[in-house]
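J.: Let me give you the structure first, and then I'll get to my questions.
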Amino acid sequence: MHSSLAAMKEAAKPIPLRPGERRRLRNFLCLDDFEEGARKHLPRPVFGYISAAAEMRRSQQANRAAFNEYEFVPRILHDVSQRSAATSLFGVGYAAPIGLAPLGLSALSAYRGDMAMARAATAMSVPMIMSGSSLIPLEQVAKECPAAWFQAYLPGDRDSIAALVDRVARAGFDTMVLTVDTQVPPNSENTVRSGFSAPLRPSVRLAWEGLTHPRWLLGTFLKTLWRHGMPHFENNYATRGAPILSASVLRDFSDRGHLDWSHFADIRKQWKGRLVMKGILSARDARLARDAGADGVIVSNHGGRQLDGAIAPLRALPTIVAACPDIPVMLDGGVRRGTDVLTALALGARMVFVGRPFGYAAAVGGEAGVRHAIHLLISEVTRNMAMLGITRLDELEVGMNVVRNAGHGVARSAGQM
Ligand SMILES: Cc1cc2nc3c(=O)[nH]c(=O)nc-3n(C[C@H](O)[C@H](O)[C@H](O)COP(=O)(O)O)c2cc1C
């Protein structure tokens, strides 16, 4: 895991912000600060799309609450002056076990949003997953940032699936992530309340939202129209989809309800690169994925945006890691602090991905905003490692330096003493 530690430590160094960027970002001191910034910066429907969770937000809240079930037992007077959050996954070295989760429609909230995130991830040496519901052709992101991973939403029929997989391979991606928790579109109740739809429908209300958020209107929406034309859903299929703004066009949500493991088997046969499944929440499904040829799984409930009440990924993680010790198990959902990263790693995650905060950071600060957000999170990880008394991430151990707290009724191991 730590073969070329020196090289990885080098990669972890923050890319300095330019003076103007530093001034603009000086009040963003932790990931949650970007949410407030984005709330002010974005039109209500666009902010509403990013912040949305399904129905009662039970899963979204559980994702956070699960981290509070753990506490740390620091070790003192142990030399921590030489420490590193560097890690490696699938043979690639990264500055930290922190990645950018796929976020649809990023180019609506930030100018060239996917590109900003991919560039920031490349600069900071962390993985980035480009969303299949993106508004920039996947070929452009692959060309600019060859290390990015591509996340696919599967079309409903085998021919369309094969054509999409072929397109992703031709673009040069080496890792494809299949998101499998969207059998049907989620209940849109909360996004409808904020005025969001996909495509957006022109209306007086939408125009007013644009006019009252002039930095977004000029710096993102009109700049995009001027330089690149009307954004379309580019990557759900092998061919271009609906525009993002239209009075009449319907987006083609082809039915995915019938997809099963036979479709996965076809993809595994066709796709020669690494294949990761995202949206797994049980040991049984993780084992099926591994046995069907998945190279890794991401334990995720889609940030609480699909089935409300779906188990928090952190709570599902230990049994999935135990069931699949031979493939990397990753996690997303509710990760906001360095302490969350350390907790997930102690429970066996090899990489954690962060969704909404990087979307907000791209909206308020573009590539520099995302770099700054990644830097803040890595700094929290390495600072907390020192206070915890460890120099390497593989020293994290449940029952030793990370324990379930007393409120959750699990006896503490004697190892902590
Ligand atoms: C605005 C937004 C768009 C998303 N779009 C996608 C997507 O296109 N594909 C996907 O697999 N997951 C998507 N997700 C889910 C994220 O990849 C991730 O699972 C989730 O955001 C993690 O939770 P967090 O936001 O609490 O970090 C989206 C999430 C958000 C907030």
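Scheme for the structure tokens: letters A, B, ... for chains in order shown; per-chain residue numbers from 1; ligand numbers from 1 in order shown.
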When you look at Gly279 in chain A with a cut-off of 12 Å (counting only C-alpha atoms), what residues show up, excluding the ones that are within fewer than 6 positions of it in the same chain? I need them as a ChimeraX atom specification.
T.: /A:101-102,151,153,177-183,285-286,289,296-307,310-313,316-317,329-333
J.: Keeping only C-alpha atoms, write the selected residues as a compact mmCIF listing (two decimals), in the first residue's frame.
T.:
```
# COMPACT_ATOMS: atom_id res chain seq x y z
CA ALA A 101 -18.34 10.94 -6.74
CA PRO A 102 -20.21 11.20 -10.06
CA GLN A 151 -19.93 6.20 -14.57
CA TYR A 153 -26.35 4.57 -16.31
CA VAL A 177 -18.55 2.42 -12.86
CA LEU A 178 -22.03 0.96 -13.28
CA THR A 179 -24.61 2.61 -11.07
CA VAL A 180 -27.17 -0.03 -10.21
CA ASP A 181 -29.48 1.65 -7.69
CA THR A 182 -31.63 3.55 -10.20
CA GLN A 183 -34.07 0.88 -11.34
CA ASP A 285 -25.15 -8.39 -3.75
CA ALA A 286 -21.47 -7.60 -3.22
CA ALA A 289 -20.95 -8.68 -8.10
CA GLY A 296 -14.61 -3.38 -7.02
CA VAL A 297 -17.80 -2.12 -5.43
CA ILE A 298 -18.91 1.25 -4.09
CA VAL A 299 -21.20 0.92 -1.08
CA SER A 300 -23.69 3.73 -1.61
CA ASN A 301 -27.33 4.72 -1.21
CA HIS A 302 -26.88 7.48 -3.81
CA GLY A 303 -26.54 10.10 -1.09
CA GLY A 304 -30.09 9.31 0.08
CA ARG A 305 -31.52 10.31 -3.30
CA GLN A 306 -33.11 7.00 -4.31
CA LEU A 307 -34.84 4.71 -1.77
CA ALA A 310 -32.10 2.63 2.52
CA ILE A 311 -29.37 1.64 5.00
CA ALA A 312 -26.51 4.08 5.55
CA PRO A 313 -23.44 2.86 3.62
CA ALA A 316 -23.49 -1.77 5.61
CA LEU A 317 -19.74 -1.52 5.05
CA VAL A 329 -14.72 -1.99 -1.27
CA MET A 330 -15.30 1.76 -1.49
CA LEU A 331 -17.97 3.98 0.05
CA ASP A 332 -19.83 7.24 -0.43
CA GLY A 333 -22.58 9.09 1.41
```
J.: Can you pull out every residue from range 73-230 of chain A that DSSP, working from the backbone, puts in helix (DSSP H, G or I), and format the result as a PyMOL selection string?
T.: chain A and resi 106-109+113-124+138-144+158-171+189-193+204-211+214-228
J.: So that I can see what lies close to range 195-203 of chain A, please list as a count of residues only the residues with an atom at most 7 Å from it, counting only C-alpha atoms and leaving out residues fewer than 4 positions away in the same chain.
T.: 12
J.: Write down as a ChimeraX atom specification the residues belonging to range 250-394 of chain A that are assigned strand (DSSP E or B) by DSSP computed on the backbone.
T.: /A:274-280,296-299,329-332,351-354
J.: Measuring atom to atom with only C-alpha atoms and all ligand atoms, identify which of A:Glu144, A:Asp295, A:Asp340, A:Glu69 is nearest to ligand 1.
T.: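 Ranked by minimum distance to ligand 1, first place goes to A:Asp340.
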J.: Which of these, A:Arg274, A:Arg75, A:His375, A:Arg392, has the shortest distance to Met124 in chain A once you count only C-alpha atoms?
T.: A:His375
J.: So that I can see what lies close to Arg22 in chain A, please list as a list of chain:residue names the residues with an atom at most 12 Å from it, counting only C-alpha atoms and leaving out residues fewer than 3 positions away in the same chain.
T.: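 With the cut-off at 12 Å, the set is A:Ile15, A:Pro16, A:Leu17, A:Arg18, A:Pro19, A:Leu25, A:Arg26, A:Asn27, A:Phe28, A:Leu29, A:Gly365, A:Ala368, A:Gly369, A:Arg371, A:His372.
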J.: With distances taken over only C-alpha atoms and all ligand atoms, which residue among A:Ala86, A:Leu105, A:Ile50, A:Met176 lies nearest ligand 1?
T.: A:Ile50
J.: Provide the CA of Ala171 in chain A to CA of Tyr360 in chain A distance in Å, to one decimal place.
T.: 27.7 Å
J.: May I ask which of the residues A:Arg112, A:Arg83, A:Arg58, A:Arg256 is the closest one to Phe221 in chain A, counting only C-alpha atoms?
T.: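 Smallest separation from Phe221 in chain A among the options: A:Arg112.
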J.: Choose the residue, out of A:Trp216, A:Phe150, A:Phe173, A:Phe90, that has the smallest atom-to-atom separation from Val364 in chain A; count only C-alpha atoms.
T.: A:Trp216
J.: Pick out the closest residue to Leu31 in chain A from this set: A:Arg336, A:Arg193, A:Arg315, A:Arg383. Count only C-alpha atoms.
T.: A:Arg336
J.: Calculate how many Å separate CA of Ala118 in chain A from CA of Leu225 in chain A, rounding to one decimal.
T.: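 Taking CA of Ala118 in chain A as the start and CA of Leu225 in chain A as the end point, the length is 21.0 Å.
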J.: Could you give me, as a list in words, the residues within 12 Å of His263 in chain A, counting only C-alpha atoms and dropping anything in the same chain fewer than 5 positions from it?
T.: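 The filter keeps Leu154, Pro155, Gly156, Asp157, Arg158, Asp159, Ser160, Ile161, Ala162, Val165, Leu178, Val180, Arg256, Gly257, His258, Arg268, Lys269, Gln270 and Ala292 of chain A.
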